[in-house]
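S.K.: Structure file query.pdb (PDB, C-alpha atoms) right here:
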```
ATOM      1  CA  MET A  24     -12.611   9.192  -1.015  1.00  0.00           C
ATOM      2  CA  SER A  25     -13.735   8.281  -4.481  1.00  0.00           C
ATOM      3  CA  ALA A  26     -13.465   4.573  -5.280  1.00  0.00           C
ATOM      4  CA  ALA A  27     -14.560   1.874  -7.662  1.00  0.00           C
ATOM      5  CA  LEU A  28     -17.303  -0.169  -6.112  1.00  0.00           C
ATOM      6  CA  LEU A  29     -18.035  -3.870  -6.536  1.00  0.00           C
ATOM      7  CA  ILE A  30     -21.527  -4.577  -5.339  1.00  0.00           C
ATOM      8  CA  ASP A  31     -24.033  -7.398  -5.457  1.00  0.00           C
ATOM      9  CA  ILE A  32     -27.311  -5.889  -6.696  1.00  0.00           C
ATOM     10  CA  ILE A  33     -30.672  -7.548  -6.118  1.00  0.00           C
ATOM     11  CA  LEU A  34     -33.522  -6.787  -8.526  1.00  0.00           C
ATOM     12  CA  TRP A  35     -37.112  -7.616  -7.628  1.00  0.00           C
ATOM     13  CA  GLY A  36     -39.875  -8.672 -10.010  1.00  0.00           C
ATOM     14  CA  SER A  37     -41.631  -5.323  -9.582  1.00  0.00           C
ATOM     15  CA  VAL A  38     -38.801  -3.564 -11.464  1.00  0.00           C
ATOM     16  CA  ALA A  39     -39.147  -5.684 -14.574  1.00  0.00           C
ATOM     17  CA  ALA A  40     -38.223  -2.698 -16.780  1.00  0.00           C
ATOM     18  CA  VAL A  41     -34.643  -2.781 -15.474  1.00  0.00           C
ATOM     19  CA  GLY A  42     -32.359  -5.360 -17.002  1.00  0.00           C
ATOM     20  CA  PHE A  43     -28.639  -5.966 -17.323  1.00  0.00           C
ATOM     21  CA  LEU A  44     -26.693  -7.746 -20.022  1.00  0.00           C
ATOM     22  CA  ALA A  45     -24.105  -9.828 -18.205  1.00  0.00           C
ATOM     23  CA  LEU A  46     -20.556 -10.317 -19.381  1.00  0.00           C
ATOM     24  CA  GLN A  47     -18.759 -13.645 -19.139  1.00  0.00           C
ATOM     25  CA  ARG A  48     -16.636 -12.503 -16.194  1.00  0.00           C
ATOM     26  CA  GLY A  49     -17.255 -13.857 -12.713  1.00  0.00           C
ATOM     27  CA  ARG A  50     -16.728 -12.051  -9.417  1.00  0.00           C
ATOM     28  CA  PRO A  51     -13.067 -13.193  -8.970  1.00  0.00           C
ATOM     29  CA  VAL A  52     -12.156 -11.784 -12.400  1.00  0.00           C
ATOM     30  CA  LEU A  53     -13.982  -8.529 -11.666  1.00  0.00           C
ATOM     31  CA  VAL A  54     -12.106  -8.143  -8.367  1.00  0.00           C
ATOM     32  CA  ALA A  55      -8.784  -8.841 -10.095  1.00  0.00           C
ATOM     33  CA  SER A  56      -9.527  -6.151 -12.697  1.00  0.00           C
ATOM     34  CA  LEU A  57      -9.749  -3.401 -10.045  1.00  0.00           C
ATOM     35  CA  ARG A  58      -6.694  -1.653  -8.652  1.00  0.00           C
ATOM     36  CA  ASP A  59      -8.479  -0.206  -5.630  1.00  0.00           C
ATOM     37  CA  GLY A  60     -12.077  -0.309  -4.510  1.00  0.00           C
ATOM     38  CA  LEU A  61     -14.653  -1.561  -2.065  1.00  0.00           C
ATOM     39  CA  TYR A  62     -16.552  -4.850  -2.319  1.00  0.00           C
ATOM     40  CA  VAL A  63     -19.906  -4.102  -0.673  1.00  0.00           C
ATOM     41  CA  GLN A  64     -21.403  -7.176   0.961  1.00  0.00           C
ATOM     42  CA  SER A  65     -24.389  -5.518   2.652  1.00  0.00           C
ATOM     43  CA  VAL A  66     -25.975  -2.108   3.152  1.00  0.00           C
ATOM     44  CA  THR A  67     -28.056  -0.612   5.953  1.00  0.00           C
ATOM     45  CA  GLY A  68     -30.379   2.360   6.071  1.00  0.00           C
ATOM     46  CA  LEU A  69     -31.690   1.990   2.534  1.00  0.00           C
ATOM     47  CA  HIS A  70     -35.210   2.785   3.740  1.00  0.00           C
ATOM     48  CA  SER A  71     -34.177   6.055   5.387  1.00  0.00           C
ATOM     49  CA  GLY A  72     -31.120   7.116   3.400  1.00  0.00           C
ATOM     50  CA  THR A  73     -32.708   7.263  -0.063  1.00  0.00           C
ATOM     51  CA  SER A  74     -34.817  10.042  -1.576  1.00  0.00           C
ATOM     52  CA  PRO A  75     -37.353   8.688  -4.077  1.00  0.00           C
ATOM     53  CA  VAL A  76     -37.793  12.214  -5.480  1.00  0.00           C
ATOM     54  CA  SER A  77     -34.184  13.232  -6.206  1.00  0.00           C
ATOM     55  CA  GLY A  78     -32.534   9.794  -6.288  1.00  0.00           C
ATOM     56  CA  ASP A  79     -29.954  10.875  -3.695  1.00  0.00           C
ATOM     57  CA  PHE A  80     -28.843   8.131  -1.350  1.00  0.00           C
ATOM     58  CA  SER A  81     -26.430   7.672   1.503  1.00  0.00           C
ATOM     59  CA  VAL A  82     -26.273   4.239   3.110  1.00  0.00           C
ATOM     60  CA  GLY A  83     -24.095   2.400   5.568  1.00  0.00           C
ATOM     61  CA  ALA A  84     -22.065  -0.458   4.118  1.00  0.00           C
ATOM     62  CA  VAL A  85     -20.067  -3.482   5.243  1.00  0.00           C
ATOM     63  CA  GLY A  86     -17.564  -5.218   3.004  1.00  0.00           C
ATOM     64  CA  LEU A  87     -13.962  -5.769   2.007  1.00  0.00           C
ATOM     65  CA  MET A  88     -11.419  -3.359   0.576  1.00  0.00           C
ATOM     66  CA  ILE A  89      -9.929  -4.233  -2.810  1.00  0.00           C
ATOM     67  CA  ARG A  90      -6.199  -3.488  -3.083  1.00  0.00           C
ATOM     68  CA  ASP A  91      -4.143  -4.276  -6.173  1.00  0.00           C
ATOM     69  CA  GLY A  92      -6.819  -6.586  -7.559  1.00  0.00           C
ATOM     70  CA  ALA A  93      -7.259  -8.701  -4.420  1.00  0.00           C
ATOM     71  CA  LEU A  94      -9.731  -8.697  -1.546  1.00  0.00           C
ATOM     72  CA  ALA A  95      -8.079  -7.137   1.505  1.00  0.00           C
ATOM     73  CA  GLU A  96      -9.118  -6.043   4.997  1.00  0.00           C
ATOM     74  CA  PRO A  97     -12.753  -5.981   6.120  1.00  0.00           C
ATOM     75  CA  VAL A  98     -14.485  -2.627   6.641  1.00  0.00           C
ATOM     76  CA  ARG A  99     -17.648  -1.705   8.457  1.00  0.00           C
ATOM     77  CA  GLU A 100     -19.490   1.485   9.276  1.00  0.00           C
ATOM     78  CA  VAL A 101     -18.530   3.108   5.979  1.00  0.00           C
ATOM     79  CA  THR A 102     -20.925   5.355   4.099  1.00  0.00           C
ATOM     80  CA  VAL A 103     -21.552   5.041   0.373  1.00  0.00           C
ATOM     81  CA  ALA A 104     -23.265   8.030  -1.281  1.00  0.00           C
ATOM     82  CA  SER A 105     -24.338   9.035  -4.772  1.00  0.00           C
ATOM     83  CA  THR A 106     -27.535   9.377  -6.765  1.00  0.00           C
ATOM     84  CA  LEU A 107     -29.345   6.442  -8.310  1.00  0.00           C
ATOM     85  CA  GLN A 108     -29.034   8.123 -11.714  1.00  0.00           C
ATOM     86  CA  ARG A 109     -25.253   8.599 -11.391  1.00  0.00           C
ATOM     87  CA  MET A 110     -24.786   5.057 -10.082  1.00  0.00           C
ATOM     88  CA  LEU A 111     -26.583   3.568 -13.103  1.00  0.00           C
ATOM     89  CA  LEU A 112     -24.582   5.794 -15.481  1.00  0.00           C
ATOM     90  CA  ASP A 113     -21.332   4.672 -13.808  1.00  0.00           C
ATOM     91  CA  VAL A 114     -21.934   0.910 -14.161  1.00  0.00           C
ATOM     92  CA  ALA A 115     -18.600  -0.197 -15.624  1.00  0.00           C
ATOM     93  CA  GLU A 116     -19.046  -3.987 -15.703  1.00  0.00           C
ATOM     94  CA  ILE A 117     -21.717  -6.565 -15.005  1.00  0.00           C
ATOM     95  CA  GLY A 118     -20.771  -9.981 -13.681  1.00  0.00           C
ATOM     96  CA  SER A 119     -21.885 -13.338 -15.026  1.00  0.00           C
ATOM     97  CA  ASP A 120     -23.084 -14.537 -11.609  1.00  0.00           C
ATOM     98  CA  LEU A 121     -26.829 -13.974 -11.982  1.00  0.00           C
ATOM     99  CA  THR A 122     -28.547 -15.681  -9.050  1.00  0.00           C
ATOM    100  CA  TRP A 123     -32.312 -16.104  -8.787  1.00  0.00           C
ATOM    101  CA  LEU A 124     -33.720 -15.599  -5.308  1.00  0.00           C
ATOM    102  CA  PRO A 125     -37.162 -16.344  -3.847  1.00  0.00           C
ATOM    103  CA  GLY A 126     -39.953 -13.936  -4.761  1.00  0.00           C
ATOM    104  CA  SER A 127     -38.965 -13.194  -8.374  1.00  0.00           C
ATOM    105  CA  ALA A 128     -35.780 -11.411  -7.313  1.00  0.00           C
ATOM    106  CA  ALA A 129     -32.382 -11.796  -8.928  1.00  0.00           C
ATOM    107  CA  GLY A 130     -28.912 -10.710  -7.860  1.00  0.00           C
ATOM    108  CA  VAL A 131     -25.815  -9.902  -9.899  1.00  0.00           C
ATOM    109  CA  THR A 132     -22.390  -8.368  -9.220  1.00  0.00           C
ATOM    110  CA  LEU A 133     -21.819  -4.877 -10.651  1.00  0.00           C
ATOM    111  CA  VAL A 134     -18.696  -2.750 -10.867  1.00  0.00           C
ATOM    112  CA  ILE A 135     -19.605   0.890 -10.301  1.00  0.00           C
ATOM    113  CA  GLY A 136     -16.832   3.077 -11.683  1.00  0.00           C
ATOM    114  CA  ASP A 137     -16.887   5.917  -9.157  1.00  0.00           C
ATOM    115  CA  MET A 138     -18.755   6.550  -5.898  1.00  0.00           C
ATOM    116  CA  GLN A 139     -18.159   8.516  -2.730  1.00  0.00           C
ATOM    117  CA  VAL A 140     -17.057   6.348   0.197  1.00  0.00           C
ATOM    118  CA  SER A 141     -16.267   7.635   3.688  1.00  0.00           C
ATOM    119  CA  GLY A 142     -15.738   6.234   7.169  1.00  0.00           C
ATOM    120  CA  ALA A 143     -13.526   3.810   9.027  1.00  0.00           C
TER     121      ALA A 143
END
```
How does the structure come out when it is put into structure tokens?
M.R.:
Amino acid sequence: MSAALLIDIILWGSVAAVGFLALQRGRPVLVASLRDGLYVQSVTGLHSGTSPVSGDFSVGAVGLMIRDGALAEPVREVTVASTLQRMLLDVAEIGSDLTWLPGSAAGVTLVIGDMQVSGA
């Protein structure tokens, strides 16, 4: 299944060359703007499911389905796959919810226009 993806991204201080210009739209508005999608709340297997050479990744995810612009049923044990290059090219919107975390890390909500999602 191909779906829009709403994901909270965390950037660490060591990737200072990557930056995002946030829009003035919070997470609830971003969810409402999507017809169908998946709101990813956490991922697993990032250390083993990502190739630093090719950028390919396939990770397990837990989150909530988005149906008709509203958060719907919870999902777990789904797989999200793409390449890091494609994911960055498919960033459709950036939320205004920048949150600074310990250790020079920051998190923000992104809408990824199209990714492969499979599982239960």
S.K.: Near Gly83 of chain A, within 7 Å and counting only C-alpha atoms, which residues show up once chain neighbours fewer than 2 positions away are dropped, as number ranges by chain?
M.R.: A: 66-68, 100-103
S.K.: Could you tell me which of A:Ser77, A:Ser56, A:Ser65, A:Ser127 comes closest to Ala115 of chain A if we count all atoms listed in the file?
M.R.: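 Closest residue, counting all atoms listed in the file: A:Ser56.
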S.K.: Would you list the contacts of Ala95 of chain A as number ranges by chain, taking every protein, DNA or RNA residue within 12 Å and counting all atoms listed in the file, but skipping same-chain residues closer than 2 positions in sequence?
M.R.: A: 54-55, 58-62, 86-93, 97-98
S.K.: Excluding Leu111 of chain A and residues on its chain fewer than 4 positions from it, collect all residues at most 9 Å away from it, counting only C-alpha atoms, and give them as number ranges by chain.
M.R.: A: 106-107, 135
S.K.: Exactly which residues make up the result of the PyMOL selection byres ((chain A and resi 121) around 8) on this file, given as a list in words?
M.R.: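 On this input, the PyMOL selection byres ((chain A and resi 121) around 8) captures Ala45, Gly118, Ser119, Asp120, Thr122, Trp123, Ala129, Gly130, Val131 and Thr132 of chain A.
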S.K.: Looking at only C-alpha atoms, which of A:Val82, A:Arg99, A:Gln47, A:Leu69 is the one that sits closest to Ile117 of chain A?
M.R.: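 Checking each candidate against Ile117 of chain A, we get A:Gln47 as the closest.
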S.K.: With distances taken over all atoms listed in the file, which of A:Val134, A:Val76, A:Leu112, A:Leu124 is nearest to Val52 of chain A?
M.R.: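 Closest candidate: A:Val134.
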S.K.: Let me make sure I understand: among A:Ala128, A:Leu94, A:Val140, A:Met110, which one has the smallest atom-to-atom distance to Arg50 of chain A if we use all atoms listed in the file?
M.R.: A:Leu94
S.K.: Have a look at atom CA of Ala104 of chain A and atom CA of Gln139 of chain A and let me know their distance in Å, one decimal.
M.R.: 5.3 Å
S.K.: From the options A:Ser105, A:Gly126, A:Gly142, A:Glu116, which residue's atoms come nearest to Gly49 of chain A, counting only C-alpha atoms?
M.R.: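 Between A:Ser105, A:Gly126, A:Gly142, A:Glu116, the residue approaching Gly49 of chain A most closely is A:Glu116.
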S.K.: Interatomic distance between atom CA of Arg48 of chain A and atom CA of Phe80 of chain A?
M.R.: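 Atom CA of Arg48 of chain A sits 28.2 Å away from atom CA of Phe80 of chain A.
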S.K.: Give me the box for segment 57-60 of chain A as AutoDock Vina command-line options, namely the centre and edge lengths in Å to one decimal of a box along x, y and z that holds every listed atom plus 3 Å on each side.
M.R.:
```
--center_x -9.4 --center_y -1.8 --center_z -7.3 --size_x 11.4 --size_y 9.2 --size_z 11.5
```
S.K.: Between atom CA of Thr73 of chain A and atom CA of Ser141 of chain A, measure the distance and give it in Å to one decimal.
M.R.: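 Separation of atom CA of Thr73 of chain A and atom CA of Ser141 of chain A: 16.9 Å.
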